[in-house]
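Novice: Structure file coords_35.txt, compact mmCIF, C-alpha atoms and all ligand atoms, is pasted below:
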```txt
# COMPACT_ATOMS: atom_id res chain seq x y z
CA MET T 1410 -9.58 -23.85 -16.05
CA SER T 1411 -9.53 -20.09 -15.50
CA GLU T 1412 -6.41 -18.00 -16.14
CA PHE T 1413 -4.00 -17.72 -13.22
CA ARG T 1414 -4.31 -14.37 -11.43
CA ALA T 1415 -2.72 -13.22 -8.16
CA ASP T 1416 -3.59 -9.79 -6.74
CA LEU T 1417 -0.56 -8.46 -4.84
CA HIS T 1418 -1.94 -5.12 -3.69
CA CYS T 1419 -4.91 -4.63 -1.38
CA HIS T 1420 -5.71 -3.12 2.02
CA SER T 1421 -7.46 -4.59 5.06
CA THR T 1422 -8.96 -3.11 8.23
CA PHE T 1423 -5.38 -3.04 9.57
CA SER T 1424 -4.94 0.10 7.44
CA ASP T 1425 -7.56 1.89 5.36
CA GLY T 1426 -9.47 -1.01 3.80
CA SER T 1427 -12.97 -2.04 4.87
CA LEU T 1428 -12.56 -5.86 4.89
CA SER T 1429 -10.76 -7.95 7.51
CA PRO T 1430 -7.79 -10.08 6.39
CA ARG T 1431 -9.95 -13.22 6.41
CA GLN T 1432 -12.71 -11.51 4.41
CA LEU T 1433 -10.11 -10.43 1.81
CA VAL T 1434 -8.84 -14.00 1.46
CA GLU T 1435 -12.45 -15.25 1.14
CA LEU T 1436 -13.18 -12.63 -1.52
CA ALA T 1437 -10.03 -13.64 -3.42
CA VAL T 1438 -11.27 -17.26 -3.48
CA THR T 1439 -14.72 -16.12 -4.67
CA LYS T 1440 -13.04 -14.20 -7.48
CA GLU T 1441 -11.04 -17.31 -8.39
CA LEU T 1442 -7.71 -15.64 -7.69
CA LYS T 1443 -4.91 -18.14 -7.16
CA GLY T 1444 -2.70 -15.91 -5.02
CA LEU T 1445 -2.98 -12.87 -2.78
CA SER T 1446 -0.83 -10.43 -0.86
CA ILE T 1447 -2.39 -7.95 1.55
CA SER T 1448 -0.24 -4.82 1.42
CA ASP T 1449 -1.43 -2.60 4.23
CA HIS T 1450 0.12 0.83 4.73
CA ASP T 1451 3.11 0.54 7.10
CA THR T 1452 1.82 -2.49 9.01
CA ILE T 1453 1.91 -6.27 8.73
CA GLY T 1454 -0.86 -6.68 11.33
CA ALA T 1455 -3.00 -8.59 8.78
CA TYR T 1456 -0.63 -11.53 9.20
CA PRO T 1457 -0.91 -14.23 10.57
CA GLU T 1458 -4.73 -14.09 10.19
CA ALA T 1459 -4.28 -13.86 6.41
CA LEU T 1460 -1.76 -16.74 6.28
CA THR T 1461 -4.03 -18.97 8.36
CA ALA T 1462 -7.03 -18.16 6.15
CA GLY T 1463 -4.94 -18.88 3.05
CA LEU T 1464 -4.01 -22.34 4.33
CA GLU T 1465 -7.62 -23.12 5.27
CA LEU T 1466 -9.06 -21.89 1.97
CA ASN T 1467 -6.28 -23.33 -0.21
CA ILE T 1468 -4.98 -20.11 -1.75
CA ASN T 1469 -1.34 -18.98 -1.66
CA VAL T 1470 -0.93 -15.89 0.53
CA ILE T 1471 2.42 -14.07 0.53
CA PRO T 1472 3.33 -11.56 3.28
CA GLY T 1473 3.25 -8.02 1.92
CA VAL T 1474 3.33 -4.39 3.03
CA GLU T 1475 3.12 -0.94 1.40
CA PHE T 1476 5.60 1.36 3.10
CA SER T 1477 5.21 5.15 2.94
CA ALA T 1478 8.61 6.64 2.10
CA THR T 1479 9.73 10.02 0.87
CA ASP T 1480 12.25 11.05 -1.74
CA GLY T 1481 13.17 14.50 -0.55
CA HIS T 1482 9.68 15.76 0.22
CA HIS T 1483 7.96 13.70 -2.44
CA PRO T 1484 5.86 10.77 -1.15
CA VAL T 1485 6.76 7.37 -2.62
CA HIS T 1486 5.02 4.06 -1.87
CA ILE T 1487 7.19 0.95 -1.75
CA LEU T 1488 5.78 -2.57 -1.72
CA GLY T 1489 7.60 -5.32 0.15
CA TYR T 1490 6.87 -9.02 -0.49
CA GLY T 1491 7.91 -12.39 0.80
CA PHE T 1492 9.80 -11.18 3.88
CA ASP T 1493 9.87 -12.99 7.21
CA PRO T 1494 7.02 -11.32 9.15
CA LYS T 1495 9.05 -11.75 12.35
CA ALA T 1496 12.17 -10.03 10.96
CA ASP T 1497 13.41 -7.20 13.21
CA SER T 1498 14.04 -4.80 10.33
CA ILE T 1499 10.41 -5.06 9.19
CA THR T 1500 8.77 -4.92 12.63
CA GLN T 1501 11.02 -2.02 13.65
CA LEU T 1502 10.16 0.07 10.58
CA CYS T 1503 6.46 -0.66 11.15
CA ALA T 1504 6.84 0.50 14.77
CA LYS T 1505 8.53 3.72 13.63
CA HIS T 1506 5.68 4.37 11.23
CA HIS T 1507 3.16 3.73 14.01
CA ASP T 1508 4.80 6.50 16.07
CA ARG T 1509 5.02 8.76 13.01
CA ARG T 1510 1.32 8.34 12.34
CA ASN T 1511 0.37 9.05 15.96
CA GLN T 1512 2.37 12.28 15.88
CA ARG T 1513 1.05 13.34 12.51
CA ASN T 1514 -2.59 12.48 13.24
CA GLN T 1515 -2.38 14.48 16.47
CA ALA T 1516 -0.98 17.49 14.60
CA ILE T 1517 -3.73 17.25 11.95
CA LEU T 1518 -6.42 17.00 14.65
CA GLU T 1519 -5.01 20.11 16.33
CA ARG T 1520 -5.14 22.00 13.04
CA LEU T 1521 -8.72 20.90 12.39
CA ALA T 1522 -9.77 21.86 15.94
CA SER T 1523 -8.26 25.32 15.53
CA GLN T 1524 -10.43 25.71 12.42
CA GLY T 1525 -13.62 24.79 14.33
CA MET T 1526 -13.66 21.08 13.43
CA PRO T 1527 -12.86 19.17 16.63
CA LEU T 1528 -12.40 15.39 16.39
CA ASP T 1529 -11.57 12.95 19.14
CA ALA T 1530 -8.81 10.39 18.50
CA ASN T 1531 -11.50 7.73 19.20
CA ASP T 1532 -13.49 9.05 16.22
CA LEU T 1533 -10.76 7.75 13.90
CA ALA T 1534 -11.21 4.03 14.54
CA ILE T 1535 -13.40 2.72 11.70
CA GLY T 1536 -14.33 -0.91 11.11
CA GLY T 1537 -12.45 -1.85 14.26
CA ALA T 1538 -9.25 -0.41 12.72
CA LYS T 1539 -6.32 -1.70 14.73
CA GLY T 1540 -3.24 -1.03 12.63
CA SER T 1541 -2.25 2.08 10.69
CA ILE T 1542 -4.58 5.04 11.13
CA GLY T 1543 -4.16 7.72 8.48
CA ARG T 1544 -5.74 10.53 6.56
CA PRO T 1545 -8.54 8.38 5.06
CA HIS T 1546 -9.75 7.65 8.61
CA ILE T 1547 -9.64 11.35 9.44
CA ALA T 1548 -11.57 12.14 6.24
CA GLN T 1549 -14.27 9.63 7.18
CA ALA T 1550 -14.54 11.00 10.71
CA MET T 1551 -14.94 14.49 9.20
CA ILE T 1552 -17.85 13.21 7.07
CA ARG T 1553 -19.52 11.61 10.11
CA LYS T 1554 -19.30 14.97 11.91
CA GLY T 1555 -20.71 16.81 8.88
CA TYR T 1556 -17.55 18.89 8.30
CA VAL T 1557 -17.18 17.69 4.68
CA ASP T 1558 -19.36 15.72 2.24
CA THR T 1559 -16.87 13.32 0.60
CA VAL T 1560 -13.40 11.85 1.18
CA PRO T 1561 -11.93 13.49 -1.96
CA ASN T 1562 -13.24 16.86 -0.77
CA ALA T 1563 -11.70 16.34 2.67
CA PHE T 1564 -8.36 15.76 0.94
CA LYS T 1565 -8.76 18.60 -1.53
CA ARG T 1566 -9.42 21.22 1.08
CA TYR T 1567 -7.75 20.00 4.29
CA LEU T 1568 -5.67 16.80 4.11
CA ARG T 1569 -3.64 16.88 0.88
CA GLU T 1570 -0.04 18.06 1.02
CA GLY T 1571 -0.35 21.81 1.47
CA GLY T 1572 -4.02 21.53 2.54
CA GLN T 1573 -5.36 23.65 5.39
CA ALA T 1574 -4.91 20.96 8.05
CA TYR T 1575 -1.97 19.02 6.55
CA ALA T 1576 0.96 17.99 8.73
CA SER T 1577 3.83 15.87 7.46
CA GLY T 1578 5.37 14.33 10.58
CA PRO T 1579 8.67 12.42 10.45
CA ARG T 1580 9.75 11.05 7.05
CA PHE T 1581 11.57 7.85 6.13
CA SER T 1582 13.75 7.68 3.05
CA VAL T 1583 13.46 5.27 0.16
CA GLU T 1584 16.94 3.91 0.97
CA GLU T 1585 16.03 3.18 4.60
CA THR T 1586 12.87 1.43 3.44
CA LEU T 1587 14.77 -0.70 0.90
CA GLU T 1588 17.22 -1.73 3.61
CA ALA T 1589 14.41 -2.78 5.92
CA ILE T 1590 12.67 -4.88 3.25
CA HIS T 1591 15.90 -6.53 2.10
CA GLY T 1592 17.05 -6.98 5.71
CA GLY T 1593 13.87 -8.99 6.33
CA GLY T 1594 14.57 -11.23 3.32
CA GLY T 1595 11.92 -9.52 1.18
CA LEU T 1596 11.63 -8.18 -2.35
CA ALA T 1597 11.12 -4.42 -2.88
CA VAL T 1598 8.79 -3.20 -5.62
CA ILE T 1599 8.04 0.35 -6.80
CA ALA T 1600 4.28 0.79 -6.20
CA HIS T 1601 2.02 2.35 -8.87
CA PRO T 1602 4.77 4.16 -10.83
CA HIS T 1603 1.97 5.75 -12.91
CA LEU T 1604 1.05 7.89 -9.90
CA ILE T 1605 4.50 9.35 -9.14
CA GLN T 1606 4.21 11.97 -11.87
CA ASN T 1607 7.55 13.56 -11.12
CA GLU T 1608 10.31 12.64 -13.57
CA ARG T 1609 13.14 13.55 -11.23
CA VAL T 1610 11.78 11.23 -8.53
CA THR T 1611 10.93 8.45 -11.01
CA ASN T 1612 14.38 8.56 -12.59
CA ARG T 1613 16.10 8.48 -9.22
CA LEU T 1614 14.03 5.50 -8.05
CA LEU T 1615 15.07 3.65 -11.20
CA THR T 1616 18.72 3.89 -10.10
CA LEU T 1617 18.05 2.24 -6.71
CA PRO T 1618 18.24 -1.48 -5.88
CA PHE T 1619 14.58 -2.41 -6.32
CA ASP T 1620 13.62 -5.96 -7.30
CA GLY T 1621 10.46 -5.13 -9.19
CA ILE T 1622 7.94 -2.62 -10.42
CA GLU T 1623 4.12 -2.65 -10.24
CA ALA T 1624 3.53 -2.18 -13.95
CA TYR T 1625 -0.08 -3.42 -13.83
CA TYR T 1626 -2.16 -1.28 -11.50
CA ALA T 1627 -5.88 -0.96 -10.82
CA TYR T 1628 -7.66 -0.11 -14.11
CA PHE T 1629 -4.78 1.64 -15.87
CA PRO T 1630 -4.84 0.68 -19.56
CA LEU T 1631 -2.09 -1.47 -21.05
CA ASP T 1632 -0.48 1.43 -22.93
CA ALA T 1633 0.15 3.13 -19.57
CA CYS T 1634 2.23 0.07 -18.59
CA GLU T 1635 4.56 -0.01 -21.57
CA ARG T 1636 7.27 2.23 -20.13
CA TRP T 1637 7.39 0.16 -16.94
CA LEU T 1638 7.45 -3.14 -18.83
CA LYS T 1639 10.44 -1.97 -20.89
CA ILE T 1640 12.33 -0.81 -17.81
CA ALA T 1641 11.62 -4.08 -16.01
CA ALA T 1642 12.94 -6.04 -18.99
CA GLN T 1643 16.15 -3.94 -19.09
CA LYS T 1644 16.77 -4.37 -15.39
CA ASP T 1645 15.51 -7.93 -15.04
CA TRP T 1646 13.01 -6.77 -12.41
CA PHE T 1647 9.83 -8.57 -11.37
CA ILE T 1648 6.74 -7.18 -13.10
CA THR T 1649 3.93 -7.25 -10.58
CA GLY T 1650 0.27 -6.26 -10.69
CA GLY T 1651 -2.34 -5.41 -8.12
CA SER T 1652 -5.67 -3.67 -7.73
CA ASP T 1653 -5.05 -1.49 -4.64
CA PHE T 1654 -8.47 -2.69 -3.49
CA HIS T 1655 -9.73 -0.86 -0.38
CA GLY T 1656 -13.32 -2.22 -0.24
CA ASP T 1657 -16.03 0.38 0.44
CA VAL T 1658 -13.35 3.03 0.91
CA LYS T 1659 -12.68 3.06 -2.87
CA PRO T 1660 -15.85 1.47 -4.23
CA ASN T 1661 -14.85 1.80 -7.90
CA ILE T 1662 -11.95 -0.65 -7.63
CA SER T 1663 -12.55 -4.37 -7.33
CA LEU T 1664 -10.17 -7.05 -6.09
CA GLY T 1665 -8.33 -8.64 -9.02
CA SER T 1666 -8.75 -5.65 -11.39
CA SER T 1667 -4.99 -5.91 -12.01
CA TRP T 1668 -3.00 -9.02 -11.30
CA THR T 1669 0.36 -10.78 -11.35
CA PRO T 1670 0.71 -13.73 -13.74
CA GLN T 1671 1.72 -17.21 -12.69
CA ASP T 1672 5.45 -17.25 -13.54
CA THR T 1673 6.18 -14.09 -11.55
CA PHE T 1674 3.97 -15.14 -8.67
CA ASP T 1675 5.69 -18.53 -8.51
CA ARG T 1676 9.12 -16.87 -8.38
CA ILE T 1677 8.04 -14.57 -5.54
CA LEU T 1678 6.47 -17.52 -3.71
CA ALA T 1679 9.66 -19.58 -4.12
CA HIS T 1680 11.70 -16.66 -2.76
CA TYR T 1681 9.39 -16.45 0.27
CA ARG T 1682 9.61 -20.16 0.97
CA SER T 1683 13.38 -20.36 0.64
CA PRO T 1684 14.79 -16.85 0.94
CA VAL T 1685 18.18 -16.26 -0.66
CA SER T 1686 20.40 -13.81 1.16
P1 LIG R 1 -1.76 8.38 4.67
O1 LIG R 1 -1.21 6.99 4.55
O2 LIG R 1 -2.38 8.66 5.99
O3 LIG R 1 -0.76 9.43 4.27
O4 LIG R 1 -2.93 8.47 3.60
C1 LIG R 1 -2.65 8.17 2.27
C2 LIG R 1 -3.82 7.44 1.65
O5 LIG R 1 -4.89 8.36 1.49
C3 LIG R 1 -3.51 6.97 0.23
O6 LIG R 1 -2.96 5.69 0.22
C4 LIG R 1 -4.88 6.96 -0.41
O7 LIG R 1 -5.54 5.72 -0.14
C5 LIG R 1 -5.61 8.09 0.30
N1 LIG R 1 -5.64 9.34 -0.49
C6 LIG R 1 -4.59 10.13 -0.82
N2 LIG R 1 -5.00 11.20 -1.54
C7 LIG R 1 -6.35 11.09 -1.64
C8 LIG R 1 -7.36 11.88 -2.27
N3 LIG R 1 -7.07 13.02 -2.91
N4 LIG R 1 -8.64 11.46 -2.20
C9 LIG R 1 -8.95 10.31 -1.54
N5 LIG R 1 -8.03 9.52 -0.93
C10 LIG R 1 -6.75 9.90 -0.98
ZN ZN R 2 -4.75 3.36 1.20
FE FE R 3 -0.12 3.47 -2.62
FE FE R 4 -2.18 0.85 -1.72
```
Let me see the structure of the file written as structure tokens.
Specialist:
Amino acid sequence: MSEFRADLHCHSTFSDGSLSPRQLVELAVTKELKGLSISDHDTIGAYPEALTAGLELNINVIPGVEFSATDGHHPVHILGYGFDPKADSITQLCAKHHDRRNQRNQAILERLASQGMPLDANDLAIGGAKGSIGRPHIAQAMIRKGYVDTVPNAFKRYLREGGQAYASGPRFSVEETLEAIHGGGGLAVIAHPHLIQNERVTNRLLTLPFDGIEAYYAYFPLDACERWLKIAAQKDWFITGGSDFHGDVKPNISLGSSWTPQDTFDRILAHYRSPVS
């Protein structure tokens, strides 16, 4: 029997991934994963399609989300797992992000137009995108129009923080995001701590009431995880792992490249099935 692996971090067409929720669940089965959570940016639109597919294909699917938060002006991604997808606190924060993204995308499009790169809002819908539209969609529309050659170059020049067409839009704090996840009965996990690269922000996050940390991420080597594993042990936090698979959008990363082992997955699954307040 193959080793138990559950990938708790991937993106569907409801945010900036290229596979539908059902296709992600099918791919997880093909890869012999035993559990999956789709963690789209700021939306839970992938559910219930993903939950239905999980039941049909006999793989445990746990509701997940990757919220965009900010600590001061520093972007921080927070994973939520095992919440009630109907919970008001979750659906309300997703709705606020939807408005934030509309405002911000509009501002970015205006900046691009003023620099001779007009795009129509309709140009942003890729792969039938129906949930969170963000900068990766804008980057791909820019490629289709011939304004840039690659997604990284679109970010480097125009879309990164401080880039020529960047706009921030409203921001939501880490604390507000934690409250929403906990209010919906979920567990809150610091996403890819390796990528924060700001000690002040990292140290502050470690003082907040998270439940876990994504110590295993994409293809980061095990020595890059050690700090996070030690912290998780000190705090009795969940140690999760996920690939951050986006399909064709990030072709170098495959589903299951990092994973969550069975004992942790079982505890998160048990929490989801019988949430403790
Ligand atoms: P958004 O959610 O609209 O702010 O876009 C953030 C997403 O853009 C991240 O989750 C990444 O998937 C992607 N991204 C951020 N920086 C870059 C970059 N330099 N090159 C390519 N993709 C990026
Ligand atoms: Zn993404
Ligand atoms: Fe992220
Ligand atoms: Fe992600």
Novice: Write out as number ranges by chain which residues come within 7 Å of Gly1444 of chain T when counting all atoms listed in the file, dropping same-chain ones fewer than 2 positions away.
Specialist: T: 1414-1416, 1442, 1468-1470
Novice: Looking at T:Ile1453, T:Val1557, T:Leu1631, T:Ala1522, which one is nearest to Gly1489 of chain T, with distances taken over only C-alpha atoms?
Specialist: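 Distance minimum relative to Gly1489 of chain T lands on T:Ile1453.
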Novice: Distance table requested - chain T against ligand ZN 2 (chain R), cut-off 7 Å, all atoms listed in the file: one row per qualifying residue with the closest atom pair and its distance in Å to one decimal, ordered by chain and rising residue number, as a Markdown table.
Specialist:
```
| residue | atom | partner | partner_atom | distance |
| --- | --- | --- | --- | --- |
| T:His1420 | CA | R:ZN2 | ZN | 6.6 |
| T:Asp1425 | CA | R:ZN2 | ZN | 5.2 |
| T:Gly1426 | CA | R:ZN2 | ZN | 6.9 |
| T:His1450 | CA | R:ZN2 | ZN | 6.5 |
| T:His1655 | CA | R:ZN2 | ZN | 6.7 |
```
Novice: Kindly provide the residues of chain T that approach ligand FE 3 (chain R) to within 10 Å, each paired with its closest atom pair and their distance in Å to one decimal, based on only C-alpha atoms and all ligand atoms, listed by chain and increasing number, as a Markdown table.
Specialist:
```
| residue | atom | partner | partner_atom | distance |
| --- | --- | --- | --- | --- |
| T:His1418 | CA | R:FE3 | FE | 8.8 |
| T:Cys1419 | CA | R:FE3 | FE | 9.5 |
| T:His1420 | CA | R:FE3 | FE | 9.8 |
| T:Ser1448 | CA | R:FE3 | FE | 9.2 |
| T:Asp1449 | CA | R:FE3 | FE | 9.2 |
| T:His1450 | CA | R:FE3 | FE | 7.8 |
| T:Glu1475 | CA | R:FE3 | FE | 6.8 |
| T:Phe1476 | CA | R:FE3 | FE | 8.4 |
| T:Ser1477 | CA | R:FE3 | FE | 7.9 |
| T:Pro1484 | CA | R:FE3 | FE | 9.6 |
| T:Val1485 | CA | R:FE3 | FE | 7.9 |
| T:His1486 | CA | R:FE3 | FE | 5.2 |
| T:Ile1487 | CA | R:FE3 | FE | 7.8 |
| T:Leu1488 | CA | R:FE3 | FE | 8.5 |
| T:Ile1599 | CA | R:FE3 | FE | 9.7 |
| T:Ala1600 | CA | R:FE3 | FE | 6.3 |
| T:His1601 | CA | R:FE3 | FE | 6.7 |
| T:Pro1602 | CA | R:FE3 | FE | 9.6 |
| T:Leu1604 | CA | R:FE3 | FE | 8.6 |
| T:Ile1605 | CA | R:FE3 | FE | 9.9 |
| T:Asp1653 | CA | R:FE3 | FE | 7.3 |
```
Novice: Taking all atoms listed in the file into account, which residues have an atom no farther than 9 Å from ligand LIG 1 (chain R)? I'd like them as a VMD selection string.
Specialist: chain T and resid 1424 to 1426 1450 to 1451 1476 to 1477 1484 1486 1510 1513 to 1514 1541 to 1548 1559 to 1565 1568 to 1570 1577 1653 1655 1658 to 1659
Novice: Residues within 8 Å of Gly1540 of chain T, please, as a list of chain:residue names. Count only C-alpha atoms; anything in the same chain fewer than 6 positions from it doesn't count.
Specialist: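 Close residues of Gly1540 of chain T: T:Thr1422, T:Phe1423, T:Ser1424, T:Thr1452, T:Gly1454.
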Novice: Find the spatial neighbours of Gly1592 of chain T, counting all atoms listed in the file, within a cut-off of 8 Å - ignore same-chain residues fewer than 4 positions away - and output them as number ranges by chain.
Specialist: T: 1496, 1498-1499, 1588
Novice: State, in Å with one decimal place, the distance from atom CA of Lys1505 of chain T to atom CA of Ala1478 of chain T.
Specialist: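 Separation of atom CA of Lys1505 of chain T and atom CA of Ala1478 of chain T: 11.9 Å.
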Novice: Do you have the atom CA of Leu1502 of chain T-atom CA of Lys1443 of chain T distance handy?
Specialist: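 Going from atom CA of Leu1502 of chain T over to atom CA of Lys1443 of chain T, I get 29.6 Å.
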Novice: Of the residues T:Ile1677, T:Phe1654, T:Asn1511, T:Thr1479, which is the one nearest to Ser1421 of chain T, using all atoms listed in the file?
Specialist: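 For Ser1421 of chain T, the nearest of the given residues is T:Phe1654.
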Novice: Pick from T:Gln1606, T:Asp1620, T:Ser1427, T:Tyr1575: nearest to Gln1549 of chain T, with all atoms listed in the file counted?
Specialist: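 Residue with the minimum atom-to-atom distance to Gln1549 of chain T: T:Ser1427.
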Novice: Nearest residue to Ser1683 of chain T out of T:Gly1572, T:Gly1555, T:Pro1472, T:Gly1594, using only C-alpha atoms?
Specialist: T:Gly1594
Novice: I'd like to know which of T:Cys1503, T:Ala1627, T:Ile1622, T:Ala1679 is closest to ligand FE 4 (chain R), using only C-alpha atoms and all ligand atoms.
Specialist: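 The answer is T:Ala1627, which sits nearest to ligand FE 4 (chain R).
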Novice: For each of T:Gly1651, T:Pro1430, T:Gly1525, T:Gly1491, take the minimum atom-to-atom distance to ligand FE 4 (chain R), counting only C-alpha atoms and all ligand atoms, then give the residue where this is smallest.
Specialist: T:Gly1651
Novice: One decimal, in Å: what's the spacing between atom CA of Leu1466 of chain T and atom CA of Lys1440 of chain T?
Specialist: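 Atom-to-atom, atom CA of Leu1466 of chain T to atom CA of Lys1440 of chain T, that is 12.8 Å.
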Novice: Excluding Val1610 of chain T and residues on its chain fewer than 3 positions from it, collect all residues at most 9 Å away from it, counting all atoms listed in the file, and give them as a ChimeraX atom specification.
Specialist: /T:1480-1481,1483,1485,1605-1607,1613-1615
